[in-house]
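Undergrad: Here's a structure for you.
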Amino acid sequence: MDKVLARGSGNPAARPRARTALTLAVAGVAVVAATVTVASSASAGTTLGSAAAESGRYFGTAVAAYKLSDSTYVGILNREFNMVTPENEMKWDATEPSQNQFNYTNADRIVSHAQANGMRVRGHALAWHSQQPGWAQSLSGAALRSAMTNHVTQVATHYKGKIYAWDVVNEAFADGGTGARRDSNLQRTGDDWIEVAFRAARTADPGAKLCYNDYNTDGQNAKSNAVYAMVQDFKARGVPIDCVGFQSHFNSASPVPSDYQANLQRFANLGVDVQITELDIEGSGTTQADNYGRVVRACLAVSRCTGITVWGIRDSDSWRASGTPLLFDGSGNKKPAYTSVLNALNGGGTPPPTTAPPTTTPATTAPPTTPPPSGNGCTGSLTLNQWQGGFVTYVRVTAGANPINGWNVVLTLPGGATITNTWSAQPSGTTGTVNFRNLDYNGSIAPGQSTEFGFQGTGVGPSGTATCSVR
Ligand code: G2I
């Protein structure tokens with residue numbers, strides 16, 4: 001199974017449809033200033049981390065310090081992931097077992113491992129009603145407020161400069177339809193405990209993104225509405241918040257919501273990043289794989305969804321191992337869910353199970369071939385991955401006989417198509433005719449060489465010509 005997905009092979013499920021869609025489109029269009037071709041595949045990441053990085057995102061996992069001596073575990077960790085979240089080691093009970101006596105041994109092991117292997121770290125979690133040390137559980141009022149503030153300050157200071165994003169406050173809202181805060185000792189110190197924690201974290205480590213993190217907030221409901229209102233209020237009053245984490249623990253009783261993407265988007269529209277922070281989906285086989293694919297595509301469709309973290313590596317590492325909710329089996333083998341995630345990260349994958357398959361009929365004409373580079377300009381060749389309701393287009397920009405130091409690619413999107421996310425180029429807009437301009441690092445291309453950019457959107461992908469010109 002893995003060999004099918006080796007670099008350059010593309011996504012077997014999506015390729016035939018992509019080729020069909022584009023071939024039909026090209027057949028009806030006169031090729032004008034540049035050549036439109038169908039490449040046999042897009043460049044594809046071969047690991048979760050590298051595939052996510054192609055759109056500027058990360059792919060992470062929860063890590064337990066005591067498993068860092070397990071070679072199978074570490075082998076997968078180092079190969080596949082570029083973000084780690086300590087599963088328990090940064091929590092209050094672990095880092096401050098006695099008041100004002102801090103123990104960073106296990107958390108430091110994870111941070112050191114991450115740094116040594118080029119991974120970033122999500123800090124989890126500074127203030128939470130659960131996993132408090134016994135001494136904190138028995139505090140209340142001003143003494144607890146002051147202990148919490150000290151804890152946030154001390155831990156964020158210890159890790160200053162080493163944390164990509166902190167879950168500053170975890171799970172502060174109640175389940176059910178009330179939209180109320182969860183009752184806890186922290187909550188009983190006053191409603192403002194959350195913003196106090198965020199302000200202390202910002203002061204201690206101004207470089208870390210500061211997140212609010214919760215579960216059962218993955219779709220629009222009373223709980224997520226309450227979090228939404230809090231974030232809106234924080235933004236309006238200047239309380240420092242940069243991101244919202246959606247834990248995304250799913251099973252048959254709590255499935256991936258149909259409005260998952262819309263919910264991520266509405267939070268992103270408040271001006272915060274969104275992250276999928278503790279993803280696991282109980283199940284097996286195709287159903288589990290499809291659900292994972294849906295989650296990944298939802299994140300990719302939201303430009304401010306900056307990354308995805310799964311809550312463990314192998315099923316046997318999971319906090320709910322019996323539900324086999326992860327991407328690797330207990331022996332460390334890739335599951336169908338892994339393949340689905342990788343395909344989705346690479347812009348392909350099967351369409352969401354709730355939508356009908358595309359209805360285009362197979363074309364009998366052969367796709368055009370790519371001519372060798374010639375002349376002074378550049379050419380743009382498109383690869384389209386189309387599914388019902390959405391698409392990813394990769395554009396390969398190839399220099400002609402002379403070097404180029406900047407390029408523009410102009411494409412016209414069909415009516416109704418909207419770009420939701422672009423990487424490795426600067427688009428002039430999101431609909432209609434869009435001019436994609438190189439970024440600083442990819443404007444220079446040697447003769448005959450190429451670079452690639454891409455974009456994702458809703459609707460039908462571009463079927464016009466890609467006009468490439470030198471700047
Ligand atoms: O419960 C799943 C997650 C929900 N969101 C917040 C996360 O922090 C939380 O993670 C889980 C860990 O995966 C578990 O490993 O948090 C649990 C505690 O709330 C963790 O479980 C604890 C056990 O309850 C302890 O008995 C054990 O000593 O893990 C500890 C360390 O292995």
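Here's how to read the names in the structure tokens: chain A, B, ... by the order shown, residue numbers from 1 in each chain, ligand numbers from 1 in the order shown.
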Please extract the residues of range 144-304 of chain A with a backbone DSSP assignment of strand (DSSP E or B) and present them as a ChimeraX atom specification.

TA: /A:165-170,173,181,209-214,243-246,249-251,254,273-281

Undergrad: Just asking: which residues within range 80-321 of chain A are alpha helix (DSSP H) according to DSSP, as number ranges by chain?

TA: A: 80, 92-95, 105-116, 134-137, 141-158, 193-204, 222-237, 260-268, 285-300

Undergrad: Could you check which of A:Ser98, A:Asn333, A:Thr105, A:Thr287 is closest to Trp135 in chain A, using only C-alpha atoms?

TA: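 Between A:Ser98, A:Asn333, A:Thr105, A:Thr287, the residue approaching Trp135 in chain A most closely is A:Ser98.
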
Undergrad: At what distance in Å, to one decimal, does CA of Ile276 in chain A lie from CA of Thr217 in chain A?

TA: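 That distance, rounded to one decimal, is 11.1 Å.
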
Undergrad: Please identify all protein, DNA and RNA residues within 6 Å of ligand 1, counting only C-alpha atoms and all ligand atoms, and report them as an MDAnalysis selection string.

TA: chainID A and resid 87:88 319

Undergrad: For Leu300 in chain A, which residue out of A:Ala64, A:Ala344, A:Cys243, A:Leu270 is the nearest one, using only C-alpha atoms?

TA: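 Closest candidate: A:Ala344.
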
Undergrad: Using only C-alpha atoms, tabulate the residues of range 52-164 of chain A lying at most 8 Å from any atom of range 324-332 of chain A, each with its closest atom pair and that distance in Å to one decimal, by chain and increasing residue number, as a tab-separated table.

TA:
residue	atom	partner	partner_atom	distance
A:Thr72	CA	A:Gly332	CA	6.8
A:Tyr73	CA	A:Gly332	CA	7.4
A:Ile76	CA	A:Gly332	CA	7.4

Undergrad: So which one's closest to Gly347 in chain A, A:Asn421, A:Thr379, A:Gln456, A:Thr277? Using only C-alpha atoms, please.

TA: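 The closest residue to Gly347 in chain A is A:Gln456.
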
Undergrad: Please list as a list in words every residue within 12 Å of Asn150 in chain A, counting only C-alpha atoms and excluding residues in the same chain fewer than 2 positions away.

TA: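 These residues fall inside the cut-off: Trp92, Glu96, Gln99, Asn100, Gln101, Phe102, Leu126, Ala127, Ala136, Ala143, Leu144, Arg145, Ser146, Ala147, Met148, Val152, Thr153, Gln154, Val155, Ala156, Thr157, Val196, Ala197, Arg199, Ala200, Ala201, Thr203 and Ala204 of chain A.
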
Undergrad: Point out the residue among A:Leu384, A:Pro462, A:Ile194, A:Pro403 with the least atom-to-atom distance to Thr418 in chain A, counting only C-alpha atoms.

TA: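 Nearest to Thr418 in chain A: A:Pro462.
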
Undergrad: For Asp218 in chain A, work out the shell of residues within 10 Å, counting only C-alpha atoms and skipping chain neighbours fewer than 2 positions away, then give it as a list in words.

TA: Asp214, Tyr215, Asn216, Gln220, Asn221, Lys223, Ser224, Gly245, Phe246, Gln247, Ser248, His249, Phe250, Ser254, Pro255, Val256, Pro257, Ser258, Asp259, Tyr260, Gln261, Ala262, Asn263, Leu264 and Ile276 of chain A

Undergrad: If you keep N, CA and C atoms, can you produce a file of those selected residues as a PDB file, in the first residue's frame?

TA:
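Produced file again_5.pdb, reproduced below:
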ATOM      1  N   ASP A 214     -10.148  23.307  23.343  1.00  0.00           N
ATOM      2  CA  ASP A 214     -11.301  22.626  23.948  1.00  0.00           C
ATOM      3  C   ASP A 214     -11.782  21.491  23.051  1.00  0.00           C
ATOM      4  N   TYR A 215     -12.695  20.672  23.607  1.00  0.00           N
ATOM      5  CA  TYR A 215     -13.314  19.573  22.860  1.00  0.00           C
ATOM      6  C   TYR A 215     -14.816  19.835  22.774  1.00  0.00           C
ATOM      7  N   ASN A 216     -15.476  19.087  21.915  1.00  0.00           N
ATOM      8  CA  ASN A 216     -16.913  19.308  21.655  1.00  0.00           C
ATOM      9  C   ASN A 216     -17.196  20.741  21.205  1.00  0.00           C
ATOM     10  N   GLN A 220     -20.618  23.835  15.129  1.00  0.00           N
ATOM     11  CA  GLN A 220     -21.320  24.949  15.770  1.00  0.00           C
ATOM     12  C   GLN A 220     -22.325  24.392  16.767  1.00  0.00           C
ATOM     13  N   ASN A 221     -22.160  24.768  18.014  1.00  0.00           N
ATOM     14  CA  ASN A 221     -23.087  24.349  19.066  1.00  0.00           C
ATOM     15  C   ASN A 221     -22.987  25.364  20.200  1.00  0.00           C
ATOM     16  N   LYS A 223     -21.643  25.249  23.046  1.00  0.00           N
ATOM     17  CA  LYS A 223     -20.302  25.373  23.645  1.00  0.00           C
ATOM     18  C   LYS A 223     -19.354  26.153  22.727  1.00  0.00           C
ATOM     19  N   SER A 224     -19.336  25.786  21.447  1.00  0.00           N
ATOM     20  CA  SER A 224     -18.435  26.517  20.548  1.00  0.00           C
ATOM     21  C   SER A 224     -18.897  27.957  20.363  1.00  0.00           C
ATOM     22  N   GLY A 245      -7.647  26.044  19.569  1.00  0.00           N
ATOM     23  CA  GLY A 245      -7.414  24.630  19.292  1.00  0.00           C
ATOM     24  C   GLY A 245      -8.714  23.848  19.369  1.00  0.00           C
ATOM     25  N   PHE A 246      -8.913  23.002  18.371  1.00  0.00           N
ATOM     26  CA  PHE A 246     -10.077  22.124  18.326  1.00  0.00           C
ATOM     27  C   PHE A 246      -9.553  20.701  18.526  1.00  0.00           C
ATOM     28  N   GLN A 247      -9.882  20.120  19.674  1.00  0.00           N
ATOM     29  CA  GLN A 247      -9.267  18.839  20.015  1.00  0.00           C
ATOM     30  C   GLN A 247      -9.619  17.751  19.009  1.00  0.00           C
ATOM     31  N   SER A 248     -10.883  17.683  18.627  1.00  0.00           N
ATOM     32  CA  SER A 248     -11.301  16.746  17.578  1.00  0.00           C
ATOM     33  C   SER A 248     -11.089  15.283  17.970  1.00  0.00           C
ATOM     34  N   HIS A 249     -11.619  14.919  19.121  1.00  0.00           N
ATOM     35  CA  HIS A 249     -11.693  13.510  19.516  1.00  0.00           C
ATOM     36  C   HIS A 249     -13.038  12.968  19.019  1.00  0.00           C
ATOM     37  N   PHE A 250     -12.978  12.108  18.003  1.00  0.00           N
ATOM     38  CA  PHE A 250     -14.229  11.669  17.385  1.00  0.00           C
ATOM     39  C   PHE A 250     -14.445  10.165  17.548  1.00  0.00           C
ATOM     40  N   SER A 254     -19.744  10.740  18.747  1.00  0.00           N
ATOM     41  CA  SER A 254     -19.326  12.131  18.555  1.00  0.00           C
ATOM     42  C   SER A 254     -18.582  12.206  17.230  1.00  0.00           C
ATOM     43  N   PRO A 255     -19.345  12.133  16.115  1.00  0.00           N
ATOM     44  CA  PRO A 255     -18.701  12.050  14.803  1.00  0.00           C
ATOM     45  C   PRO A 255     -18.173  13.404  14.327  1.00  0.00           C
ATOM     46  N   VAL A 256     -17.402  13.372  13.255  1.00  0.00           N
ATOM     47  CA  VAL A 256     -16.938  14.623  12.646  1.00  0.00           C
ATOM     48  C   VAL A 256     -18.174  15.420  12.246  1.00  0.00           C
ATOM     49  N   PRO A 257     -18.347  16.636  12.760  1.00  0.00           N
ATOM     50  CA  PRO A 257     -19.570  17.384  12.437  1.00  0.00           C
ATOM     51  C   PRO A 257     -19.604  17.777  10.965  1.00  0.00           C
ATOM     52  N   SER A 258     -20.805  17.872  10.429  1.00  0.00           N
ATOM     53  CA  SER A 258     -20.925  18.241   9.012  1.00  0.00           C
ATOM     54  C   SER A 258     -20.469  19.680   8.776  1.00  0.00           C
ATOM     55  N   ASP A 259     -20.517  20.493   9.818  1.00  0.00           N
ATOM     56  CA  ASP A 259     -20.106  21.894   9.658  1.00  0.00           C
ATOM     57  C   ASP A 259     -18.709  22.147  10.237  1.00  0.00           C
ATOM     58  N   TYR A 260     -17.909  21.092  10.268  1.00  0.00           N
ATOM     59  CA  TYR A 260     -16.562  21.200  10.849  1.00  0.00           C
ATOM     60  C   TYR A 260     -15.752  22.325  10.196  1.00  0.00           C
ATOM     61  N   GLN A 261     -15.674  22.284   8.861  1.00  0.00           N
ATOM     62  CA  GLN A 261     -14.895  23.310   8.157  1.00  0.00           C
ATOM     63  C   GLN A 261     -15.481  24.700   8.384  1.00  0.00           C
ATOM     64  N   ALA A 262     -16.789  24.801   8.324  1.00  0.00           N
ATOM     65  CA  ALA A 262     -17.424  26.113   8.522  1.00  0.00           C
ATOM     66  C   ALA A 262     -17.144  26.640   9.921  1.00  0.00           C
ATOM     67  N   ASN A 263     -17.102  25.745  10.875  1.00  0.00           N
ATOM     68  CA  ASN A 263     -16.819  26.185  12.238  1.00  0.00           C
ATOM     69  C   ASN A 263     -15.375  26.672  12.372  1.00  0.00           C
ATOM     70  N   LEU A 264     -14.435  25.931  11.803  1.00  0.00           N
ATOM     71  CA  LEU A 264     -13.034  26.401  11.803  1.00  0.00           C
ATOM     72  C   LEU A 264     -12.957  27.777  11.138  1.00  0.00           C
ATOM     73  N   ILE A 276      -5.961  21.982  14.713  1.00  0.00           N
ATOM     74  CA  ILE A 276      -6.576  20.723  15.149  1.00  0.00           C
ATOM     75  C   ILE A 276      -5.557  20.088  16.086  1.00  0.00           C
TER      76      ILE A 276
END
